[in-house]
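Enquirer: Quick one: the structure is below, questions incoming.
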Number of protein chains: 2
Amino acid sequence: MGWGDLGAFGEPSKETPNLDQMAAEGMLFLDFYTANPLCSPSRAALLTGRLPVRNGFYTTNAHARNAYTPQDIVGGIQDSELLLPELLKKAGYINKIIGKWHLGHRPQFHPLKHGFDEWFGSPNCHFGPYDNREHPNIPVYRDWEMIGRYYEDFKIDLKTGEANLTQLYLQEALDFISKQQASQQPFFLYWAIDATHAPVYASKQFLGTSQRGLYGDAVREIDDSIGRILRHLQQLGISENTFVFFTSDNGAALISAPKQGGSNGPFLCGKQTTFEGGMREPAIAWWPGHIPAGGVSHQLGNVMDLFSTSLSLAGLQPPSDRQIDGIDLLPVILQGKLIDRPIFYYRGNEMMAVRVGLYKAHYWTWSNSWEEYGKGIDFCPGQNVSGVTTHTQEEHTHLPLLFHLGRDPGEKFPLSFASEEYQRVMERIAGVVQQHKDTLVPGEPQLNVCDKAVMNWSPPGCEKLGKCLKVPESDPGKCSWPH
Amino acid sequence: MGWGDLGAFGEPSKETPNLDQMAAEGMLFLDFYTANPLCSPSRAALLTGRLPVRNGFYTTNAHARNAYTPQDIVGGIQDSELLLPELLKKAGYINKIIGKWHLGHRPQFHPLKHGFDEWFGSPNCHFGPYDNREHPNIPVYRDWEMIGRYYEDFKIDLKTGEANLTQLYLQEALDFISKQQASQQPFFLYWAIDATHAPVYASKQFLGTSQRGLYGDAVREIDDSIGRILRHLQQLGISENTFVFFTSDNGAALISAPKQGGSNGPFLCGKQTTFEGGMREPAIAWWPGHIPAGGVSHQLGNVMDLFSTSLSLAGLQPPSDRQIDGIDLLPVILQGKLIDRPIFYYRGNEMMAVRVGLYKAHYWTWSNSWEEYGKGIDFCPGQNVSGVTTHTQEEHTHLPLLFHLGRDPGEKFPLSFASEEYQRVMERIAGVVQQHKDTLVPGEPQLNVCDKAVMNWSPPGCEKLGKCLKVPESDPGKCSWPH
């Protein structure tokens with residue numbers, strides 16, 4: 001989803017009454033970011049509170065390349081990383097993930113090995129359908145075992161766009177919440193649905209209901225589902241005891257626009273890029289009786305903050321033996337404070353940009369390569385800012401491109417290098433960057449090696465279903481990350 | 001102002017609490033348009049309920065050129081046109097214009113000759129300062145007489161951006177409302193402030209208060225002023241008897257961005273163009289006790305509808321001896337109805353595009369000429385949609401470019417000519433266009449002839465102030481309209 005996909009954030013069809021209501025009852029974050037313009041690293045950052053470059057969700061195969069966890073990825077989340085659910089266990093929380101995991105699908109990376117008690121969902125995106133020869137179809141797990149595969153047991157009709165997955169995930173969420181309320185146990189629910197990722201789908205009841213086409217139908221279904229979850233909490237009488245946060249893992253994928261791609265509002269470019277459209281996210285906090293209704297915050301926030309904030313809510317301290325990038329947002333949410341902190345925009349192994357206050361400095365610019373662009377792959381369709389949305393990797397380390405995101409949210413008008421404002425601001429930013437780089441210890445990159453032998457051929461449980469596939473011979477090699 | 005300049009429409013700084021509150025208490029229009037991407041024609045359309053091509057506010061000097069009423073314009077609003085205040089007089093209304101008139105500044109075009117009872121403001125934009133030799137400074141009128149000139153008696157400090165004009169116009173509005181309430185007379189107030197037009201200004205108390213720079217300061221001052229006006233109506237106990245509508249006369253001028261230009265949200269290009277960014281406007285209706293709070297309408301609306309709607313509110317019929325393009329929006333506003341009607345996008349003498357439902361067909365595309373563009377004048381900075389934001393006037397009459405504004409509000413992905421959808425939709429649109437063109441009787445163009453002798457050298461009242469300037473010899477000629 002993109003920043004501009006919700007009515008509360010200015011989507012011109014205004015079709016998200018439940019999320020808009022959630023914002024009206026809670027706090028809207030207008031300057032909230034993901035930790036990476038791509039799914040897997042962003043989710044790894046959310047659950048570890050650490051930048052992907054620290055937790056290993058990046059590649060060094062080539063400079064500044066976006067990498068994630070496709071079926072043939074060998075790496076995944078390391079045991080040495082401490083995930084939010086692992087820590088919440090100490091406070092008696094029952095942890096469930098519903099939906100996409102995306103932190104590796106080999107047995108050692110299984111979510112139930114990393115703190116979750118329950119899982120209903122898939123390890124990878126719902127790409128497909130596959131022929132089960134070159135690629136297996138993506139499995140859907142219940143806890144330790146796969147219970148079927150996408151396109152086979154969990155239908156997705158690419159022609160009509162119909163799939164009831166969001167409804168399955170919704171029902172699972174409602175049931176889990178009911179169960180936890182009945183047993184009076186504190187819970188952490190990570191509701192990580194696949195939608196609105198391409199190939200976009202929606203349930204029959206939502207198909208054709210949006211002005212925005214199939215993508216809008218999917219947004220409406222998510223909106224409706226979140227409304228149901230919030231009402232469920234209220235009906236169970238636990239809404240004042242349950243903190244809910246809504247956000248997305250990267251900007252709208254404009255490469256899929258307009259039929260399968262969303263809106264990043266007034267921001268530049270989309271998913272895959274370190275421009276605002278790639279990383280600024282819709283974000284809403286909701287906690288009736290605690291968060292003053294109708295709040296609007298300009299706190300620079302990040303999905304990694306959900307790690308620290310959740311720990312704080314549970315009365316726990318973040319680990320002290322490692323660098324945590326997330327901050328506790330409770331003073332912001334409950335007392336309206338503003339905490340000064342930078343936002344780092346990484347692409348793979350490179351810090352491309354940094355935001356300090358209202359200023360954003362680009363140390364590197366790149367949309368995608370001329371070669372990819374020539375194939376019709378465009379992360380910035382209809383947008384072209386000379387010297388900014390470049391198709392070669394442009395280094396600006398010695399003279400970063402500086403934008404004022406208040407006057408120029410679209411990153412279209414770099415400040416003059418000669419201006420007093422540029423000099424003054426860059427002095428401050430340079431210090432922040434220096435400090436960041438001086439203390440940065442990159443983790444071991446997990447997204448370098450691919451091997452078709454590690455694909456989801458024979459996940460645990462496949463034998464019960466008669467759905468085990470033959471594992472091909474191992475042939476590890478460098479993954480190719482063109483973006 | 002642009003569609004994206006208000007918090008309720010998704011401006012990322014969300015600095016318009018009063019207008020957002022107005023929307024929350026009233027009805028937000030997401031698909032509301034101006035009648036022209038430029039000021040004078042748009043205002044002429046608002047006050048006559050007729051397209052500029054009918055009321056004469058266009059030029060035939062060249063094809064599809066934007067024209068307005070600079071100081072040397074010879075034409076203006078014709079006596080044959082019936083303006084809203086003229087008609088409202090029949091129902092006993094007292095009519096006042098505060099701010100910019102812009103329908104011609106020669107004596108026969110004076111607002112008090114066209115139905116207004118009072119005027120405080122200027123006939124032209126606040127461009128300047130001038131040397132009073134080549135150009136006189138723009139006068140400010142009280143009713144029939146000028147009471148000073150911009151930059152001389154009404155200060156505008158271009159260096160600091162400070163000017164208290166919006167405060168003067170606000171106080172004038174509050175006083176007028178008080179007076180009318182005291183005398184129990186129905187009133188029509190046309191509060192047509194100059195801000196946020198460039199050169200942008202704000203009062204001292206608002207300077208530096210916005211994240212968005214001086215433009216944002218001006219928006220904040222407008223927001224604050226409207227909050228004061230609405231509260232004044234409430235305090236006088238007449239809010240349930242007063243219909244208020246907020247909108248703008250054209251999209252944000254991106255040529256002035258980022259320091260003096262606003263936001264058109266997710267839409268393409270800005271002022272001067274017939275893309276959505278040039279003509280889709282923020283719009284809010286407010287009438288406590290009548291309009292259900294928190295309403296959101298997708299009615300295709302137009303500033304010309306304010307003519308018809310206002311007449312309806314006053315119990316009057318629109319003139320039957322001429323074509324009126326505005327429609328009565330009361331069924332939309334009070335009963336939530338949707339009225340099927342097209343939106344025509346004109347540039348000068350050419351219908352460039354038409355919107356029917358969610359579809360928009362471009363019959364001509366043009367941003368500006370290569371010559372102007374080469375000078376650095378860019379109506380679409382950072383945006384470039386191949387074959388759409390063209391720098392030559394491209395005719396598409398036989399195969400219009402078709403966009404679905406729900407799936408693609410940014411007009412970036414034309415539908416395939418070969419698609420069934422294109423064929424079906426264009427058949428419908430072609431009928432609407434044919435009917436429009438068959439019945440169109442253009443008015444006499446008023447914006448063709450310019451003459452420096454008609455400038456504001458010696459407006460009535462200048463002698464009292466000792467501010468009469470020598471009128472140069474008449475030398476009428478064709479106005480030059482490069483855009």
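Ligands are numbered from 1 in the order shown, residues from 1 within each chain, and chains are lettered A, B, ... in the order they appear in the structure tokens.
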Can you list, as a ChimeraX atom specification, every protein, DNA or RNA residue that comes within 12 Å of Phe9 (chain B) when you count only C-alpha atoms, leaving out same-chain residues fewer than 3 positions away?
Expert: /A:4,6-14,265-266 /B:1-6,12-17,19-20,23-24,28-31,263-267,280-284,296
Enquirer: Only N, CA and C atoms, please: the residues just picked out, written as a short mmCIF file (atom, residue, chain, number, x, y, z; two decimals), in the first residue's frame.
Expert:
data_model
loop_
_atom_site.label_atom_id
_atom_site.label_comp_id
_atom_site.auth_asym_id
_atom_site.auth_seq_id
_atom_site.Cartn_x
_atom_site.Cartn_y
_atom_site.Cartn_z
N GLY A 4 -0.77 7.29 -0.15
CA GLY A 4 -1.98 7.95 -0.66
C GLY A 4 -3.17 7.04 -0.86
N LEU A 6 -5.32 5.72 1.37
CA LEU A 6 -6.45 5.82 2.29
C LEU A 6 -7.14 7.18 2.15
N GLY A 7 -8.43 7.18 2.39
CA GLY A 7 -9.17 8.44 2.36
C GLY A 7 -8.56 9.48 3.28
N ALA A 8 -8.17 9.04 4.48
CA ALA A 8 -7.60 9.98 5.46
C ALA A 8 -6.30 10.59 4.96
N PHE A 9 -5.67 9.95 3.99
CA PHE A 9 -4.43 10.48 3.41
C PHE A 9 -4.68 11.11 2.04
N GLY A 10 -5.94 11.31 1.68
CA GLY A 10 -6.23 12.08 0.47
C GLY A 10 -6.49 11.28 -0.78
N GLU A 11 -6.77 9.98 -0.67
CA GLU A 11 -7.08 9.23 -1.89
C GLU A 11 -8.39 9.80 -2.45
N PRO A 12 -8.40 10.16 -3.74
CA PRO A 12 -9.55 10.90 -4.28
C PRO A 12 -10.87 10.14 -4.30
N SER A 13 -10.86 8.82 -4.14
CA SER A 13 -12.14 8.10 -4.10
C SER A 13 -12.66 7.97 -2.68
N LYS A 14 -11.82 8.18 -1.72
CA LYS A 14 -12.19 8.12 -0.29
C LYS A 14 -13.06 6.90 0.01
N GLY A 265 0.23 9.20 -3.26
CA GLY A 265 -0.19 10.59 -3.05
C GLY A 265 0.71 11.55 -3.78
N PRO A 266 1.17 12.60 -3.11
CA PRO A 266 1.98 13.61 -3.80
C PRO A 266 3.46 13.25 -3.88
N MET B 1 -5.22 27.98 -5.24
CA MET B 1 -5.07 26.78 -4.42
C MET B 1 -5.29 25.53 -5.25
N GLY B 2 -4.65 24.47 -4.80
CA GLY B 2 -4.83 23.21 -5.50
C GLY B 2 -5.65 22.24 -4.67
N TRP B 3 -6.08 21.18 -5.36
CA TRP B 3 -6.89 20.14 -4.71
C TRP B 3 -6.18 19.59 -3.49
N GLY B 4 -4.84 19.51 -3.57
CA GLY B 4 -4.10 18.85 -2.50
C GLY B 4 -3.62 19.77 -1.39
N ASP B 5 -4.13 21.00 -1.32
CA ASP B 5 -3.58 21.96 -0.37
C ASP B 5 -4.19 21.89 1.03
N LEU B 6 -5.27 21.16 1.19
CA LEU B 6 -5.91 21.08 2.50
C LEU B 6 -5.65 19.73 3.15
N PRO B 12 0.33 16.67 3.12
CA PRO B 12 1.10 15.93 4.14
C PRO B 12 1.42 16.71 5.41
N SER B 13 1.30 18.02 5.40
CA SER B 13 1.55 18.76 6.64
C SER B 13 0.29 18.93 7.48
N LYS B 14 -0.84 18.72 6.88
CA LYS B 14 -2.15 18.82 7.56
C LYS B 14 -2.23 20.06 8.45
N GLU B 15 -2.18 21.22 7.79
CA GLU B 15 -2.13 22.47 8.55
C GLU B 15 -3.39 23.31 8.41
N THR B 16 -4.49 22.69 8.05
CA THR B 16 -5.72 23.46 7.83
C THR B 16 -6.84 22.95 8.73
N PRO B 17 -6.67 23.09 10.05
CA PRO B 17 -7.67 22.52 10.97
C PRO B 17 -9.07 23.10 10.79
N LEU B 19 -10.53 24.42 7.97
CA LEU B 19 -11.19 23.91 6.76
C LEU B 19 -11.47 22.42 6.90
N ASP B 20 -10.59 21.70 7.55
CA ASP B 20 -10.84 20.27 7.79
C ASP B 20 -12.07 20.10 8.68
N ALA B 23 -15.15 20.72 6.72
CA ALA B 23 -15.50 19.52 5.95
C ALA B 23 -16.16 18.48 6.85
N ALA B 24 -15.62 18.33 8.06
CA ALA B 24 -16.17 17.33 8.98
C ALA B 24 -17.60 17.69 9.38
N LEU B 28 -17.77 17.28 1.83
CA LEU B 28 -16.54 17.38 1.07
C LEU B 28 -16.84 16.94 -0.37
N PHE B 29 -16.45 17.77 -1.33
CA PHE B 29 -16.60 17.40 -2.74
C PHE B 29 -15.24 17.00 -3.29
N LEU B 30 -15.13 15.77 -3.73
CA LEU B 30 -13.84 15.26 -4.21
C LEU B 30 -13.68 15.41 -5.72
N ASP B 31 -14.78 15.67 -6.40
CA ASP B 31 -14.77 15.73 -7.87
C ASP B 31 -15.37 17.06 -8.32
N SER B 263 -0.13 22.55 -3.94
CA SER B 263 -0.17 21.13 -4.27
C SER B 263 -1.47 20.74 -4.96
N ASN B 264 -1.34 19.99 -6.04
CA ASN B 264 -2.52 19.41 -6.67
C ASN B 264 -2.66 17.92 -6.33
N GLY B 265 -2.08 17.54 -5.22
CA GLY B 265 -2.22 16.17 -4.74
C GLY B 265 -1.71 15.17 -5.76
N PRO B 266 -2.47 14.13 -6.04
CA PRO B 266 -1.99 13.09 -6.96
C PRO B 266 -2.24 13.43 -8.42
N PHE B 267 -2.71 14.64 -8.70
CA PHE B 267 -3.15 14.95 -10.06
C PHE B 267 -2.03 15.51 -10.93
N ARG B 280 -9.19 20.49 -11.11
CA ARG B 280 -9.94 19.89 -10.01
C ARG B 280 -9.60 20.66 -8.74
N GLU B 281 -10.63 21.00 -7.95
CA GLU B 281 -10.46 21.96 -6.86
C GLU B 281 -10.89 21.39 -5.52
N PRO B 282 -10.29 21.88 -4.45
CA PRO B 282 -10.85 21.58 -3.14
C PRO B 282 -12.22 22.24 -3.06
N ALA B 283 -13.17 21.59 -2.43
CA ALA B 283 -14.52 22.17 -2.34
C ALA B 283 -15.23 21.62 -1.11
N ILE B 284 -15.81 22.52 -0.35
CA ILE B 284 -16.51 22.14 0.88
C ILE B 284 -17.79 22.97 0.99
N VAL B 296 -19.48 13.08 2.15
CA VAL B 296 -18.48 13.05 1.09
C VAL B 296 -19.23 12.81 -0.21
#
Enquirer: List as a PyMOL selection string the protein and nucleic acid residues near Val385 (chain B), meaning an atom at most 10 Å away when only C-alpha atoms are counted, but skip any in the same chain fewer than 6 places from it.
Expert: (chain A and resi 381-384) or (chain B and resi 268+410-414)
Enquirer: Write out, as a PDB file, in the first residue's frame, the residues just selected, with all heavy atoms.
Expert:
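This went into result-v2.pdb:
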ATOM      1  N   PRO A 381       6.403   6.009 -12.996  1.00  0.00           N
ATOM      2  CA  PRO A 381       5.686   6.317 -14.240  1.00  0.00           C
ATOM      3  C   PRO A 381       5.079   7.719 -14.230  1.00  0.00           C
ATOM      4  O   PRO A 381       4.454   8.118 -13.259  1.00  0.00           O
ATOM      5  CB  PRO A 381       4.592   5.243 -14.292  1.00  0.00           C
ATOM      6  CG  PRO A 381       4.475   4.715 -12.910  1.00  0.00           C
ATOM      7  CD  PRO A 381       5.819   4.874 -12.274  1.00  0.00           C
ATOM      8  N   GLY A 382       5.322   8.432 -15.316  1.00  0.00           N
ATOM      9  CA  GLY A 382       4.790   9.789 -15.445  1.00  0.00           C
ATOM     10  C   GLY A 382       5.593  10.823 -14.685  1.00  0.00           C
ATOM     11  O   GLY A 382       5.312  12.009 -14.760  1.00  0.00           O
ATOM     12  N   GLN A 383       6.597  10.358 -13.921  1.00  0.00           N
ATOM     13  CA  GLN A 383       7.419  11.282 -13.135  1.00  0.00           C
ATOM     14  C   GLN A 383       8.847  11.224 -13.645  1.00  0.00           C
ATOM     15  O   GLN A 383       9.368  10.151 -13.924  1.00  0.00           O
ATOM     16  CB  GLN A 383       7.375  10.894 -11.653  1.00  0.00           C
ATOM     17  CG  GLN A 383       5.977  10.963 -11.063  1.00  0.00           C
ATOM     18  CD  GLN A 383       5.965  10.562  -9.601  1.00  0.00           C
ATOM     19  OE1 GLN A 383       6.529   9.559  -9.218  1.00  0.00           O
ATOM     20  NE2 GLN A 383       5.309  11.353  -8.789  1.00  0.00           N
ATOM     21  N   ASN A 384       9.450  12.367 -13.739  1.00  0.00           N
ATOM     22  CA  ASN A 384      10.824  12.424 -14.205  1.00  0.00           C
ATOM     23  C   ASN A 384      11.438  13.700 -13.679  1.00  0.00           C
ATOM     24  O   ASN A 384      11.124  14.785 -14.156  1.00  0.00           O
ATOM     25  CB  ASN A 384      10.873  12.394 -15.738  1.00  0.00           C
ATOM     26  CG  ASN A 384      12.276  12.543 -16.249  1.00  0.00           C
ATOM     27  OD1 ASN A 384      13.233  12.176 -15.574  1.00  0.00           O
ATOM     28  ND2 ASN A 384      12.413  13.115 -17.432  1.00  0.00           N
TER      29      ASN A 384
ATOM     30  N   LEU B 268      -2.287  15.466 -12.226  1.00  0.00           N
ATOM     31  CA  LEU B 268      -1.276  15.825 -13.218  1.00  0.00           C
ATOM     32  C   LEU B 268      -1.237  17.336 -13.461  1.00  0.00           C
ATOM     33  O   LEU B 268      -2.260  17.971 -13.682  1.00  0.00           O
ATOM     34  CB  LEU B 268      -1.576  15.077 -14.527  1.00  0.00           C
ATOM     35  CG  LEU B 268      -0.548  15.180 -15.657  1.00  0.00           C
ATOM     36  CD1 LEU B 268       0.800  14.610 -15.242  1.00  0.00           C
ATOM     37  CD2 LEU B 268      -1.066  14.478 -16.911  1.00  0.00           C
ATOM     38  N   GLY B 410      -4.012  10.181 -11.908  1.00  0.00           N
ATOM     39  CA  GLY B 410      -2.900  11.004 -12.385  1.00  0.00           C
ATOM     40  C   GLY B 410      -2.802  11.130 -13.891  1.00  0.00           C
ATOM     41  O   GLY B 410      -1.857  11.729 -14.402  1.00  0.00           O
ATOM     42  N   GLU B 411      -3.777  10.558 -14.625  1.00  0.00           N
ATOM     43  CA  GLU B 411      -3.779  10.642 -16.106  1.00  0.00           C
ATOM     44  C   GLU B 411      -2.442  10.200 -16.707  1.00  0.00           C
ATOM     45  O   GLU B 411      -1.852  10.905 -17.530  1.00  0.00           O
ATOM     46  CB  GLU B 411      -4.131  12.067 -16.572  1.00  0.00           C
ATOM     47  CG  GLU B 411      -5.544  12.477 -16.224  1.00  0.00           C
ATOM     48  CD  GLU B 411      -5.800  13.961 -16.408  1.00  0.00           C
ATOM     49  OE1 GLU B 411      -5.367  14.748 -15.528  1.00  0.00           O
ATOM     50  OE2 GLU B 411      -6.417  14.343 -17.401  1.00  0.00           O
ATOM     51  N   LYS B 412      -1.994   9.051 -16.280  1.00  0.00           N
ATOM     52  CA  LYS B 412      -0.693   8.560 -16.745  1.00  0.00           C
ATOM     53  C   LYS B 412      -0.804   7.369 -17.678  1.00  0.00           C
ATOM     54  O   LYS B 412       0.165   7.027 -18.363  1.00  0.00           O
ATOM     55  CB  LYS B 412       0.161   8.171 -15.530  1.00  0.00           C
ATOM     56  CG  LYS B 412       0.563   9.345 -14.661  1.00  0.00           C
ATOM     57  CD  LYS B 412       1.500   8.910 -13.547  1.00  0.00           C
ATOM     58  CE  LYS B 412       2.081  10.103 -12.813  1.00  0.00           C
ATOM     59  NZ  LYS B 412       1.138  10.807 -11.967  1.00  0.00           N
ATOM     60  N   PHE B 413      -1.970   6.691 -17.689  1.00  0.00           N
ATOM     61  CA  PHE B 413      -2.087   5.442 -18.435  1.00  0.00           C
ATOM     62  C   PHE B 413      -3.312   5.474 -19.355  1.00  0.00           C
ATOM     63  O   PHE B 413      -4.389   5.020 -18.983  1.00  0.00           O
ATOM     64  CB  PHE B 413      -2.205   4.268 -17.463  1.00  0.00           C
ATOM     65  CG  PHE B 413      -1.082   4.203 -16.454  1.00  0.00           C
ATOM     66  CD1 PHE B 413      -1.211   4.773 -15.202  1.00  0.00           C
ATOM     67  CD2 PHE B 413       0.114   3.571 -16.782  1.00  0.00           C
ATOM     68  CE1 PHE B 413      -0.168   4.712 -14.280  1.00  0.00           C
ATOM     69  CE2 PHE B 413       1.155   3.507 -15.860  1.00  0.00           C
ATOM     70  CZ  PHE B 413       1.015   4.081 -14.608  1.00  0.00           C
ATOM     71  N   PRO B 414      -3.156   6.020 -20.573  1.00  0.00           N
ATOM     72  CA  PRO B 414      -4.303   6.057 -21.489  1.00  0.00           C
ATOM     73  C   PRO B 414      -4.809   4.644 -21.777  1.00  0.00           C
ATOM     74  O   PRO B 414      -4.011   3.701 -21.882  1.00  0.00           O
ATOM     75  CB  PRO B 414      -3.727   6.678 -22.768  1.00  0.00           C
ATOM     76  CG  PRO B 414      -2.402   7.245 -22.403  1.00  0.00           C
ATOM     77  CD  PRO B 414      -1.923   6.511 -21.192  1.00  0.00           C
TER      78      PRO B 414
END
Enquirer: Please identify which residues in region 275-471 of chain A DSSP calls helix (DSSP H, G or I) from the backbone, and express them as a PyMOL selection string.
Expert: chain A and resi 276-279+304-313+330-335+370-374+420-439+452-454+462-465
Enquirer: Could you pull out the strand (DSSP E) residues of region 80-298 of chain B from DSSP and send them as a PyMOL selection string?
Expert: chain B and resi 94-99+118-121+139-142+145-149+187-192+244-246+280-286+295-297
Enquirer: Do you know which residues are at most 10 Å from region 197-201 of chain B counting only C-alpha atoms, after dropping those on the same chain fewer than 2 positions away, and could you put them as a ChimeraX atom specification?
Expert: /B:1,39,125-128,156-166,193-195,203-204,206-207,214-219,221,252-253,256,259-262
Enquirer: Could you name the residues that touch Asn137 (chain B) at 12 Å or less, counting only C-alpha atoms, but leaving out those on the same chain fewer than 5 positions away, as a PyMOL selection string?
Expert: chain B and resi 71+122-132+146+148-156+455-459+467-469
Enquirer: I need the residues from that last selection saved to file as a compact mmCIF listing (two decimals), in the first residue's frame (with N, CA and C atoms), if you can.
Expert:
# COMPACT_ATOMS: atom_id res chain seq x y z
N GLN B 71 -3.96 44.45 -16.77
CA GLN B 71 -4.29 45.89 -16.69
C GLN B 71 -4.65 46.49 -18.04
N SER B 122 -9.74 44.81 -5.17
CA SER B 122 -9.02 45.29 -6.35
C SER B 122 -9.60 44.69 -7.62
N PRO B 123 -9.45 45.42 -8.72
CA PRO B 123 -9.96 44.88 -9.98
C PRO B 123 -9.02 43.84 -10.61
N ASN B 124 -7.75 43.90 -10.26
CA ASN B 124 -6.77 42.99 -10.85
C ASN B 124 -5.97 42.28 -9.76
N CYS B 125 -5.12 41.38 -10.19
CA CYS B 125 -4.20 40.73 -9.26
C CYS B 125 -3.25 41.75 -8.63
N HIS B 126 -2.62 41.34 -7.54
CA HIS B 126 -1.72 42.24 -6.81
C HIS B 126 -0.29 42.18 -7.36
N PHE B 127 -0.17 42.02 -8.68
CA PHE B 127 1.16 42.08 -9.28
C PHE B 127 1.79 43.46 -9.03
N GLY B 128 3.09 43.47 -8.96
CA GLY B 128 3.78 44.73 -8.76
C GLY B 128 5.04 44.50 -7.95
N PRO B 129 5.65 45.52 -7.37
CA PRO B 129 5.25 46.92 -7.53
C PRO B 129 5.65 47.46 -8.91
N TYR B 130 4.86 48.44 -9.39
CA TYR B 130 5.14 49.08 -10.67
C TYR B 130 5.67 50.49 -10.44
N ASP B 131 6.17 51.05 -11.52
CA ASP B 131 6.81 52.37 -11.40
C ASP B 131 5.84 53.52 -11.66
N ASN B 132 4.58 53.18 -11.94
CA ASN B 132 3.56 54.19 -12.26
C ASN B 132 3.90 54.98 -13.54
N MET B 146 -11.53 54.39 -5.83
CA MET B 146 -10.28 53.82 -5.33
C MET B 146 -9.86 54.54 -4.07
N GLY B 148 -6.69 53.75 -2.68
CA GLY B 148 -5.23 53.60 -2.58
C GLY B 148 -4.77 52.58 -3.60
N ARG B 149 -3.47 52.32 -3.55
CA ARG B 149 -2.91 51.34 -4.48
C ARG B 149 -2.06 50.32 -3.72
N TYR B 150 -2.04 49.10 -4.28
CA TYR B 150 -1.14 48.08 -3.73
C TYR B 150 0.30 48.58 -3.78
N TYR B 151 1.04 48.18 -2.79
CA TYR B 151 2.46 48.51 -2.62
C TYR B 151 2.67 49.94 -2.15
N GLU B 152 1.64 50.81 -2.35
CA GLU B 152 1.79 52.20 -1.88
C GLU B 152 1.01 52.35 -0.57
N ASP B 153 -0.32 52.27 -0.68
CA ASP B 153 -1.16 52.45 0.51
C ASP B 153 -1.48 51.10 1.16
N PHE B 154 -1.40 50.06 0.38
CA PHE B 154 -1.62 48.71 0.90
C PHE B 154 -0.33 47.93 0.69
N LYS B 155 0.43 47.84 1.76
CA LYS B 155 1.80 47.34 1.66
C LYS B 155 1.85 45.85 1.37
N ILE B 156 2.78 45.52 0.51
CA ILE B 156 3.14 44.12 0.28
C ILE B 156 4.66 44.10 0.23
N MET B 455 -5.30 51.03 -18.74
CA MET B 455 -4.77 50.61 -17.44
C MET B 455 -5.30 51.49 -16.31
N ASN B 456 -5.05 51.08 -15.09
CA ASN B 456 -5.59 51.77 -13.91
C ASN B 456 -4.82 53.05 -13.61
N TRP B 457 -4.77 53.95 -14.61
CA TRP B 457 -4.02 55.19 -14.41
C TRP B 457 -4.76 56.15 -13.48
N SER B 458 -6.03 56.31 -13.79
CA SER B 458 -6.80 57.34 -13.07
C SER B 458 -8.18 56.82 -12.68
N PRO B 459 -8.22 55.85 -11.80
CA PRO B 459 -9.53 55.33 -11.39
C PRO B 459 -10.31 56.41 -10.64
N LYS B 467 -3.62 60.83 -6.57
CA LYS B 467 -2.93 59.68 -7.12
C LYS B 467 -3.35 59.40 -8.57
N CYS B 468 -3.83 60.46 -9.24
CA CYS B 468 -4.18 60.25 -10.65
C CYS B 468 -2.88 60.25 -11.47
N LEU B 469 -2.81 59.37 -12.43
CA LEU B 469 -1.64 59.29 -13.29
C LEU B 469 -2.06 59.65 -14.71
Enquirer: I'd like to know which of B:Ala202, B:Leu254, B:Leu330, B:Leu447 is closest to chain A, using only C-alpha atoms.
Expert: B:Leu254
Enquirer: Between A:Pro292, A:Pro258, A:Gly76, A:Gly121, which has the minimum distance to chain B (counting only C-alpha atoms)?
Expert: A:Pro258
Enquirer: Pick out the residues sitting within 8 Å of Ala64 (chain B), and hand them over as a PyMOL selection string; count only C-alpha atoms, and ignore anything fewer than 2 positions along from it in its own chain.
Expert: chain B and resi 60+62+66+346-350+352
Enquirer: Restrict the selected residues to C-alpha atoms and save them as a CSV table (one decimal), in the first residue's frame.
Expert:
chain,number,residue,atom,x,y,z
B,60,THR,CA,-9.6,33.9,-30.3
B,62,ALA,CA,-4.7,32.1,-31.2
B,66,ASN,CA,-5.5,31.0,-21.8
B,346,TYR,CA,-11.7,24.5,-22.0
B,347,ARG,CA,-8.6,26.4,-22.8
B,348,GLY,CA,-9.6,29.6,-24.6
B,349,ASN,CA,-11.7,28.8,-27.6
B,350,GLU,CA,-11.0,25.0,-27.5
B,352,MET,CA,-9.6,20.3,-24.7
